[in-house]
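Engineer: To start, I am sharing the structure in question, which I have written as structure tokens.
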Protein chains: 2
Amino acid sequence: VSVTFPGGFLAGATAAGIKPGGQPDMALVLSARGPVPAAAVFTRNKAAAAPVQLSRAHLTATGGRAAGVVLTSGNANAATGPQGYRDAHELAGLVAEAATARVEEVLVCQTGLIGIPLPMAAVRRGVAGLAADLTADAAGAERAARAIMTTDTVPKTASVQGDGFRVGAMAKGAAMLAPDMATMLAVLTTDADVGPEPLQAALAGAVDRTFNRLTVDGCTSTNDTVVVLANGTGRSVSQPVLTAALAEVCAALAEQMAADAEGATKVAVIRVEEAADDAEAHRAARSVAESQLVQCSLNGADPYWGRVVSELGAAGVAFDLDRVSVAYGGTTVCAAGQAVAHDAAAVAGHMAGRRIEITCRLGLGSGSAAVLTTDLGYGYIDENRTTS
Amino acid sequence: VSVTFPGGFLAGATAAGIKPGGQPDMALVLSARGPVPAAAVFTRNKAAAAPVQLSRAHLTATGGRAAGVVLTSGNANAATGPQGYRDAHELAGLVAEAATARVEEVLVCQTGLIGIPLPMAAVRRGVAGLAADLTADAAGAERAARAIMTTDTVPKTASVQGDGFRVGAMAKGAAMLAPDMATMLAVLTTDADVGPEPLQAALAGAVDRTFNRLTVDGCTSTNDTVVVLANGTGRSVSQPVLTAALAEVCAALAEQMAADAEGATKVAVIRVEEAADDAEAHRAARSVAESQLVQCSLNGADPYWGRVVSELGAAGVAFDLDRVSVAYGGTTVCAAGQAVAHDAAAVAGHMAGRRIEITCRLGLGSGSAAVLTTDLGYGYIDENRTTS
């Protein structure tokens, strides 16, 4: 179940011809009741793509309301100059026309190659196909989730049944903000009754503790976007409850993205505890998670904790090697900054698995954080060495 | 020619048995005239290895003087606790005894695996072998340069004949400070007549514009060290002249390190021009140079400039995509933030070479910087997925 899990939302997809291979490449998520409260978190990249600039402007213009989100895959419409912005605007206008909404009430998400003009003939044809495919059933939402895939091998969806409200979601990609491989897009829907401001706060809180704790290669895309629409047909929900529900679907999507990351064979959770504070714990965990050397060790199932303590020492946080311990899957391999005798077979068994847990205790305070990452192996290089 | 190029320095090496394979693994560079002005730049990693802590303390204790530098390879003596420091101190003491110097006048550099106790029986035997091998001829310096290699495939040496003074140098590894693959160590010698303070300033200046402009994987080692000894038998040299000479040998060593980086098939120079200032240019160039996606593109000889502008936009510097241009080997592929028609064959020819130049102009000011990097391919993963 996905974006149509809460009532009052329609979804659909089409193969417009943006992708050369003829796969589905356009998706639409529409509120059946017209414009509703909406919120979004966008990439911090200063080379933000045209759809990011447009959607940000639209949300500002409407004061946080939207009727729908149109998504395309195969072309990022990034580094495409003023024409790229005009193209994104035209796309939003065509969708608005089909949905009987104003152009400012349509948000646009795009993903794919950078620097190539958007093929507008295909896009124009696609809008008609999208409108014809819209449905409230689960199959339409499934088609939409598939249509936004690029290097993804499986669609990513999640849902939560709250107390009197529902959240549904779909996503593509492998990261957000700090991270990114090939742009992360996510659309969430909910029937919770909530205004634009608490909705924005809840989304930002949920993203911070989920997508922003996932890194694959430390790259920040030009197009990363997370959008939520809230149609208010369910009950009124407090901001903490809504934040928790949105975080639950975002966490599920983040796990799916890590597991499906380009060429990855392993997912690793890097936990840092006993840091000076939570922010330093996050920084240290990210430093370990983004280390090419650590990621190579994960690929080789090698519990070389020396690289972990080296990254912790280089992370720019309060650090005293003599207080540091490191555990792989619960087995401590380093204590007081030195090797300790341990059950090597237990560690080897843990490293051989698909999910690896590394816990680092800094011995300084009560700050803690966890960051999700993947290994670095041939698969990543095969995916990324050429675009053709 | 290497560290014995200036008169008054001796060098030698031995196979002590630190490396399991019986290759040379200890080297010594000694001033023939006893203690002389010395300076060093060390890693900023807070998990700094015992030899870094010891050498820093020794230079402070002597006010910037040293009689020699002993180097070992195969074991980093990092994350080895108080015993590691005692071991480094004992090594310095044994060398001091053999050289009729005080223990504080001996500096120690070590490189290899982290977290493993230093095999002191081998180290003690090695010091006797080192003393017996010392010579002022070029062959001794060559043996020393080979003995500090770890994953290096060739020894790295450089020299400069100045106006009335000489500089010689040897190094191992692939980076410094921001970067590192497997620790970077370098020893420079000169007969320039200079006191400890201008020597330190000259070395810091030279390192900043050379080793600190090289990155392979963004990792900062626990052991990175650059040392210079100046015996004053040549003429007195101004600090700018000395800085330039030291930078010349450091630049030559940095190029050798990039060319020999683990598994690298290409070296790339990332230039950023027209940034708001030099510091922002450096930050932006480093952001592009450290990008796994850019490095994968280099491996595949793919001129995908979209990744380059995305990294520039994420670098945290002043940035306006509409003003950005990107050129590969002098051929502009992106101008005003968009694709431009260009000679694709010329770009393909440039990308097929071993040395790639990418120039990014931000159109904002007069800041410029260049950072040296490598591609990311199977070779890096093969080297680093396991330590065994």
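Following the order of the structure tokens, chains are lettered A, B, ..., residues in each are numbered from 1, and ligands are numbered from 1.
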Compile the contact shell of Ala144 (chain A) as a PyMOL selection string: residues with an atom at most 10 Å away, counting only C-alpha atoms, same-chain residues fewer than 2 positions apart removed.

Structural biologist: chain A and resi 2-3+11-14+24-29+70-71+130+133-134+138-142+146-149+155+170-171

Engineer: Taking the DSSP assignment computed from this structure's backbone, write out as a list in words all residues of region 196-255 of chain A that belong to strand (DSSP E).

Structural biologist: Thr225, Val226, Val227, Val228, Leu229 and Ala230 of chain A

Engineer: Mind fitting chain B onto chain A over all Cα atoms in sequence order and sending the result as a compact mmCIF listing (two decimals) with C-alpha atoms, in the first residue's frame?

Structural biologist:
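Result written to out_29.txt:
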```
# COMPACT_ATOMS: atom_id res chain seq x y z
CA VAL B 1 -0.03 0.02 -0.03
CA SER B 2 1.24 3.44 -0.84
CA VAL B 3 0.10 7.01 -1.51
CA THR B 4 -3.59 6.08 -1.95
CA PHE B 5 -3.70 4.35 1.46
CA PRO B 6 -5.38 7.41 3.05
CA GLY B 7 -8.73 8.07 1.35
CA GLY B 8 -9.12 11.01 -1.00
CA PHE B 9 -5.96 10.59 -3.07
CA LEU B 10 -5.57 9.43 -6.66
CA ALA B 11 -2.41 8.15 -8.34
CA GLY B 12 -1.35 7.03 -11.78
CA ALA B 13 1.55 6.72 -14.17
CA THR B 14 2.45 6.65 -17.83
CA ALA B 15 5.33 5.98 -20.20
CA ALA B 16 5.79 9.36 -21.82
CA GLY B 17 9.05 8.68 -23.62
CA ILE B 18 11.45 10.63 -21.38
CA LYS B 19 13.36 7.43 -20.66
CA PRO B 20 14.80 6.02 -23.89
CA GLY B 21 13.71 2.46 -23.11
CA GLY B 22 9.97 3.09 -23.04
CA GLN B 23 9.57 2.32 -19.32
CA PRO B 24 7.03 4.30 -17.23
CA ASP B 25 8.55 7.70 -16.53
CA MET B 26 5.78 10.02 -15.31
CA ALA B 27 3.65 9.75 -12.17
CA LEU B 28 0.96 11.90 -10.61
CA VAL B 29 -0.37 12.02 -7.06
CA LEU B 30 -3.52 14.10 -6.79
CA SER B 31 -5.80 15.20 -4.00
CA ALA B 32 -9.37 14.23 -5.01
CA ARG B 33 -10.70 17.18 -3.02
CA GLY B 34 -8.68 19.95 -4.60
CA PRO B 35 -5.92 21.87 -2.84
CA VAL B 36 -5.01 20.76 0.70
CA PRO B 37 -2.26 21.65 3.19
CA ALA B 38 1.14 20.68 1.84
CA ALA B 39 4.76 20.84 2.98
CA ALA B 40 8.14 19.91 1.54
CA VAL B 41 11.83 19.55 2.32
CA PHE B 42 14.19 20.30 -0.54
CA THR B 43 17.88 19.74 -1.28
CA ARG B 44 20.29 22.31 0.12
CA ASN B 45 22.35 22.11 -3.06
CA LYS B 46 22.84 25.62 -4.50
CA ALA B 47 22.66 24.11 -7.98
CA ALA B 48 19.04 23.13 -7.22
CA ALA B 49 17.18 21.92 -10.30
CA ALA B 50 14.32 23.84 -11.97
CA PRO B 51 11.57 21.66 -10.39
CA VAL B 52 13.01 22.37 -6.91
CA GLN B 53 13.03 26.10 -7.55
CA LEU B 54 9.51 25.95 -8.98
CA SER B 55 8.01 23.82 -6.21
CA ARG B 56 9.61 26.00 -3.52
CA ALA B 57 8.11 29.11 -5.18
CA HIS B 58 4.69 27.45 -5.53
CA LEU B 59 4.51 26.45 -1.86
CA THR B 60 5.45 29.98 -0.86
CA ALA B 61 2.84 31.48 -3.21
CA THR B 62 0.02 29.30 -1.86
CA GLY B 63 1.05 29.55 1.78
CA GLY B 64 1.52 25.79 1.95
CA ARG B 65 -1.23 24.27 -0.12
CA ALA B 66 -1.16 21.95 -3.14
CA ALA B 67 -3.57 19.91 -5.23
CA GLY B 68 -1.04 17.43 -6.53
CA VAL B 69 2.52 16.40 -7.29
CA VAL B 70 3.74 15.41 -10.74
CA LEU B 71 6.97 13.40 -10.96
CA THR B 72 9.15 12.50 -13.93
CA SER B 73 12.15 10.19 -14.20
CA GLY B 74 14.94 9.96 -16.77
CA ASN B 75 15.85 13.65 -16.88
CA ALA B 76 16.64 15.80 -13.82
CA ASN B 77 15.88 19.12 -15.56
CA ALA B 78 18.91 20.45 -13.68
CA ALA B 79 21.53 22.80 -15.14
CA THR B 80 19.07 23.54 -17.91
CA GLY B 81 18.93 27.32 -17.48
CA PRO B 82 15.85 29.57 -17.85
CA GLN B 83 14.33 27.18 -20.39
CA GLY B 84 14.40 24.42 -17.78
CA TYR B 85 12.36 26.56 -15.41
CA ARG B 86 9.90 27.42 -18.18
CA ASP B 87 9.58 23.72 -18.99
CA ALA B 88 8.87 22.81 -15.36
CA HIS B 89 6.30 25.62 -15.23
CA GLU B 90 4.60 24.41 -18.41
CA LEU B 91 4.45 20.87 -16.99
CA ALA B 92 2.81 22.17 -13.80
CA GLY B 93 0.36 24.21 -15.87
CA LEU B 94 -0.69 21.23 -17.99
CA VAL B 95 -1.28 19.12 -14.88
CA ALA B 96 -3.19 22.00 -13.24
CA GLU B 97 -5.42 22.23 -16.30
CA ALA B 98 -6.14 18.50 -16.24
CA ALA B 99 -6.86 18.67 -12.49
CA THR B 100 -8.87 21.90 -12.58
CA ALA B 101 -6.39 23.54 -10.22
CA ARG B 102 -4.21 26.61 -10.36
CA VAL B 103 -0.65 26.19 -11.62
CA GLU B 104 0.74 27.23 -8.22
CA GLU B 105 -1.12 24.33 -6.66
CA VAL B 106 0.94 21.77 -8.57
CA LEU B 107 4.38 20.68 -7.31
CA VAL B 108 6.99 19.11 -9.62
CA CYS B 109 9.66 16.48 -8.81
CA GLN B 110 12.16 15.30 -11.41
CA THR B 111 15.10 12.87 -11.39
CA GLY B 112 17.60 11.62 -13.93
CA LEU B 113 20.56 13.01 -15.85
CA ILE B 114 21.74 16.57 -15.29
CA GLY B 115 22.32 19.11 -18.03
CA ILE B 116 20.02 17.79 -20.74
CA PRO B 117 16.97 19.81 -21.93
CA LEU B 118 13.65 18.25 -20.89
CA PRO B 119 12.00 16.57 -23.92
CA MET B 120 8.79 18.60 -23.80
CA ALA B 121 6.96 16.85 -26.65
CA ALA B 122 7.13 13.64 -24.62
CA VAL B 123 6.17 15.46 -21.43
CA ARG B 124 3.10 17.06 -23.06
CA ARG B 125 1.89 13.71 -24.38
CA GLY B 126 2.56 12.21 -20.97
CA VAL B 127 0.22 14.53 -19.08
CA ALA B 128 -2.77 13.22 -21.07
CA GLY B 129 -1.72 9.65 -20.29
CA LEU B 130 -1.35 10.48 -16.61
CA ALA B 131 -4.80 11.98 -16.34
CA ALA B 132 -6.34 8.89 -17.97
CA ASP B 133 -4.52 6.53 -15.57
CA LEU B 134 -5.56 8.17 -12.28
CA THR B 135 -7.29 5.90 -9.78
CA ALA B 136 -7.86 5.64 -6.04
CA ASP B 137 -6.98 1.96 -5.89
CA ALA B 138 -3.68 0.46 -4.79
CA ALA B 139 -2.71 -0.50 -8.33
CA GLY B 140 -2.47 3.13 -9.42
CA ALA B 141 -0.22 3.94 -6.49
CA GLU B 142 1.94 0.94 -7.34
CA ARG B 143 2.26 2.12 -10.94
CA ALA B 144 3.24 5.58 -9.71
CA ALA B 145 5.93 4.14 -7.42
CA ARG B 146 7.38 2.19 -10.35
CA ALA B 147 7.33 5.15 -12.73
CA ILE B 148 9.70 7.22 -10.57
CA MET B 149 12.42 4.55 -10.44
CA THR B 150 15.76 5.24 -12.12
CA THR B 151 18.61 3.00 -10.96
CA ASP B 152 16.27 1.56 -8.31
CA THR B 153 15.66 -2.15 -8.78
CA VAL B 154 12.47 -2.26 -6.68
CA PRO B 155 9.74 0.31 -5.96
CA LYS B 156 9.73 1.75 -2.42
CA THR B 157 6.45 2.21 -0.55
CA ALA B 158 5.35 2.43 3.07
CA SER B 159 2.24 3.12 5.11
CA VAL B 160 1.15 3.63 8.70
CA GLN B 161 -2.28 3.18 10.27
CA GLY B 162 -2.44 5.75 13.05
CA ASP B 163 -5.14 6.26 15.65
CA GLY B 164 -7.81 7.78 13.44
CA PHE B 165 -5.55 8.72 10.56
CA ARG B 166 -3.39 7.13 7.90
CA VAL B 167 -0.11 7.91 6.15
CA GLY B 168 0.96 6.48 2.79
CA ALA B 169 4.19 7.07 0.90
CA MET B 170 6.35 6.23 -2.10
CA ALA B 171 9.98 7.05 -2.82
CA LYS B 172 12.87 6.47 -5.20
CA GLY B 173 16.60 6.77 -4.83
CA ALA B 174 19.10 6.23 -2.15
CA ALA B 175 19.47 9.26 0.03
CA MET B 176 18.73 12.83 1.02
CA LEU B 177 20.56 16.12 1.62
CA ALA B 178 23.95 15.04 2.85
CA PRO B 179 23.75 11.88 0.87
CA ASP B 180 22.58 11.02 -2.57
CA MET B 181 23.40 8.68 -5.33
CA ALA B 182 20.89 9.50 -8.02
CA THR B 183 18.41 11.83 -6.32
CA MET B 184 15.97 10.90 -3.63
CA LEU B 185 12.29 11.78 -4.17
CA ALA B 186 9.44 10.92 -1.81
CA VAL B 187 5.74 11.75 -1.75
CA LEU B 188 3.76 11.23 1.45
CA THR B 189 -0.02 11.50 1.80
CA THR B 190 -2.12 11.62 4.92
CA ASP B 191 -5.73 12.20 5.89
CA ALA B 192 -4.66 13.81 9.17
CA ASP B 193 -6.33 17.15 9.84
CA VAL B 194 -3.44 19.57 10.15
CA GLY B 195 -2.53 23.04 8.92
CA PRO B 196 0.43 23.85 6.67
CA GLU B 197 2.71 25.06 9.48
CA PRO B 198 2.56 22.08 11.83
CA LEU B 199 2.66 19.86 8.72
CA GLN B 200 5.93 21.47 7.64
CA ALA B 201 7.37 21.13 11.15
CA ALA B 202 6.34 17.48 11.36
CA LEU B 203 7.86 16.70 7.97
CA ALA B 204 11.11 18.50 8.77
CA GLY B 205 11.36 16.60 12.05
CA ALA B 206 10.65 13.27 10.39
CA VAL B 207 13.19 13.87 7.60
CA ASP B 208 15.87 14.96 10.05
CA ARG B 209 15.71 11.71 11.97
CA THR B 210 15.37 9.38 8.96
CA PHE B 211 16.48 10.41 5.46
CA ASN B 212 19.10 12.74 6.91
CA ARG B 213 20.57 9.77 8.81
CA LEU B 214 21.20 7.82 5.61
CA THR B 215 24.32 8.22 3.51
CA VAL B 216 25.69 6.22 0.66
CA ASP B 217 28.35 8.38 -0.90
CA GLY B 218 28.02 11.76 0.76
CA CYS B 219 26.86 13.41 -2.45
CA THR B 220 23.95 15.86 -2.31
CA SER B 221 21.70 15.81 -5.35
CA THR B 222 20.38 18.82 -7.24
CA ASN B 223 16.83 17.41 -7.08
CA ASP B 224 16.21 15.82 -3.64
CA THR B 225 12.62 16.50 -2.55
CA VAL B 226 10.23 15.12 0.06
CA VAL B 227 6.59 16.29 -0.20
CA VAL B 228 3.59 15.62 2.00
CA LEU B 229 -0.08 16.36 1.26
CA ALA B 230 -2.62 16.32 4.14
CA ASN B 231 -6.29 16.33 3.11
CA GLY B 232 -7.84 16.59 6.59
CA THR B 233 -10.54 13.95 6.14
CA GLY B 234 -9.26 12.04 9.16
CA ARG B 235 -8.98 13.32 12.69
CA SER B 236 -6.96 16.21 14.01
CA VAL B 237 -3.55 15.03 15.15
CA SER B 238 -0.99 16.71 17.41
CA GLN B 239 2.33 17.64 15.86
CA PRO B 240 4.38 15.09 17.88
CA VAL B 241 1.99 12.28 16.91
CA LEU B 242 2.12 13.32 13.26
CA THR B 243 5.92 13.65 13.34
CA ALA B 244 6.20 10.13 14.72
CA ALA B 245 3.91 8.71 12.04
CA LEU B 246 5.70 10.51 9.21
CA ALA B 247 9.07 9.40 10.66
CA GLU B 248 7.83 5.81 10.71
CA VAL B 249 7.11 5.77 6.97
CA CYS B 250 10.28 7.75 6.20
CA ALA B 251 12.39 5.29 8.21
CA ALA B 252 10.85 2.38 6.31
CA LEU B 253 11.62 4.10 2.99
CA ALA B 254 15.18 4.93 4.11
CA GLU B 255 15.83 1.28 4.95
CA GLN B 256 14.48 0.24 1.54
CA MET B 257 16.69 2.79 -0.17
CA ALA B 258 19.83 1.61 1.64
CA ALA B 259 19.03 -2.01 0.86
CA ASP B 260 18.59 -1.12 -2.83
CA ALA B 261 21.51 1.32 -3.06
CA GLU B 262 23.46 1.15 -6.29
CA GLY B 263 25.65 -1.92 -6.21
CA ALA B 264 25.43 -2.34 -2.43
CA THR B 265 25.81 -5.81 -0.94
CA LYS B 266 25.52 -4.75 2.71
CA VAL B 267 23.68 -2.22 4.87
CA ALA B 268 25.46 -0.93 7.97
CA VAL B 269 24.19 0.97 10.97
CA ILE B 270 26.91 3.17 12.48
CA ARG B 271 25.99 4.09 16.05
CA VAL B 272 27.94 6.61 18.08
CA GLU B 273 27.17 6.79 21.79
CA GLU B 274 28.65 8.68 24.74
CA ALA B 275 29.56 11.65 22.52
CA ALA B 276 29.66 15.17 23.97
CA ASP B 277 26.17 15.78 22.54
CA ASP B 278 23.77 14.42 19.92
CA ALA B 279 25.05 16.75 17.19
CA GLU B 280 28.63 15.57 17.70
CA ALA B 281 27.46 11.97 17.77
CA HIS B 282 25.73 12.53 14.42
CA ARG B 283 28.80 14.19 12.94
CA ALA B 284 31.07 11.37 14.10
CA ALA B 285 28.70 8.65 12.89
CA ARG B 286 28.40 10.34 9.49
CA SER B 287 32.19 10.63 9.25
CA VAL B 288 32.55 6.87 9.74
CA ALA B 289 29.57 6.09 7.49
CA GLU B 290 30.90 8.19 4.59
CA SER B 291 34.47 6.87 4.79
CA GLN B 292 35.48 5.12 1.60
CA LEU B 293 37.95 3.02 3.58
CA VAL B 294 35.31 1.91 6.08
CA GLN B 295 32.88 1.19 3.24
CA CYS B 296 35.51 -0.92 1.47
CA SER B 297 36.07 -2.87 4.69
CA LEU B 298 32.32 -3.55 4.86
CA ASN B 299 32.46 -4.87 1.30
CA GLY B 300 35.26 -7.23 2.28
CA ALA B 301 33.56 -8.20 5.59
CA ASP B 302 36.76 -7.08 7.31
CA PRO B 303 36.32 -5.87 10.92
CA TYR B 304 39.25 -3.45 10.66
CA TRP B 305 38.29 -1.15 13.57
CA GLY B 306 41.47 0.91 13.09
CA ARG B 307 39.76 2.74 10.23
CA VAL B 308 36.74 3.40 12.40
CA VAL B 309 38.75 5.06 15.20
CA SER B 310 40.77 6.98 12.63
CA GLU B 311 37.56 8.45 11.15
CA LEU B 312 36.25 9.25 14.63
CA GLY B 313 39.51 11.07 15.35
CA ALA B 314 39.23 13.04 12.10
CA ALA B 315 35.54 13.92 12.51
CA GLY B 316 36.17 17.24 14.21
CA VAL B 317 34.35 16.33 17.42
CA ALA B 318 35.52 16.10 21.01
CA PHE B 319 37.55 12.91 21.15
CA ASP B 320 39.92 11.07 23.49
CA LEU B 321 41.22 7.85 22.00
CA ASP B 322 41.95 6.40 25.44
CA ARG B 323 38.20 6.36 26.18
CA VAL B 324 36.97 4.89 22.90
CA SER B 325 35.44 1.46 22.41
CA VAL B 326 34.20 -0.16 19.20
CA ALA B 327 31.88 -3.16 18.85
CA TYR B 328 30.84 -5.12 15.77
CA GLY B 329 27.42 -6.71 16.19
CA GLY B 330 27.72 -6.38 19.96
CA THR B 331 31.20 -7.88 20.24
CA THR B 332 33.71 -5.36 21.57
CA VAL B 333 36.94 -5.42 19.55
CA CYS B 334 38.52 -2.20 20.85
CA ALA B 335 38.35 -0.77 24.37
CA ALA B 336 40.24 2.16 25.89
CA GLY B 337 41.50 2.85 22.37
CA GLN B 338 43.31 -0.48 22.03
CA ALA B 339 42.68 -3.97 20.70
CA VAL B 340 41.02 -6.36 23.16
CA ALA B 341 40.74 -10.12 23.06
CA HIS B 342 37.36 -11.09 21.62
CA ASP B 343 35.37 -13.87 19.96
CA ALA B 344 36.73 -13.50 16.40
CA ALA B 345 34.35 -16.14 15.07
CA ALA B 346 31.36 -14.18 16.35
CA VAL B 347 32.62 -11.03 14.65
CA ALA B 348 33.34 -12.88 11.40
CA GLY B 349 29.83 -14.34 11.48
CA HIS B 350 28.33 -10.90 11.97
CA MET B 351 30.43 -9.37 9.17
CA ALA B 352 29.35 -12.12 6.78
CA GLY B 353 25.72 -11.05 7.12
CA ARG B 354 23.90 -8.53 4.99
CA ARG B 355 23.28 -6.08 7.87
CA ILE B 356 26.26 -4.92 9.95
CA GLU B 357 26.09 -2.94 13.18
CA ILE B 358 29.08 -0.94 14.40
CA THR B 359 28.76 0.78 17.77
CA CYS B 360 31.33 3.34 18.87
CA ARG B 361 31.34 4.68 22.43
CA LEU B 362 33.37 7.85 22.93
CA GLY B 363 33.23 7.85 26.73
CA LEU B 364 32.67 11.59 26.96
CA GLY B 365 28.97 12.33 27.46
CA SER B 366 25.45 11.19 26.66
CA GLY B 367 25.13 12.21 23.00
CA SER B 368 24.06 9.48 20.60
CA ALA B 369 23.11 9.09 16.95
CA ALA B 370 22.91 6.42 14.27
CA VAL B 371 23.59 6.73 10.54
CA LEU B 372 22.68 4.14 7.91
CA THR B 373 25.18 3.39 5.14
CA THR B 374 26.24 0.72 2.67
CA ASP B 375 29.40 -0.97 1.52
CA LEU B 376 31.49 0.20 -1.43
CA GLY B 377 32.28 -2.43 -4.02
CA TYR B 378 32.47 -3.15 -7.70
CA GLY B 379 28.71 -2.65 -8.10
CA TYR B 380 28.83 1.04 -7.21
CA ILE B 381 31.61 1.61 -9.71
CA ASP B 382 29.82 -0.35 -12.42
CA GLU B 383 26.71 1.82 -11.94
CA ASN B 384 28.53 5.11 -11.91
CA ARG B 385 31.61 5.00 -14.11
CA THR B 386 29.64 5.96 -17.19
CA THR B 387 26.20 7.44 -17.78
CA SER B 388 25.70 5.75 -21.11
```

Engineer: DSSP on the backbone, then: every residue of region 91-182 of chain B marked helix (DSSP H, G or I), written as a VMD selection string.

Structural biologist: chain B and resid 91 to 99 103 to 105 120 to 133 138 to 147
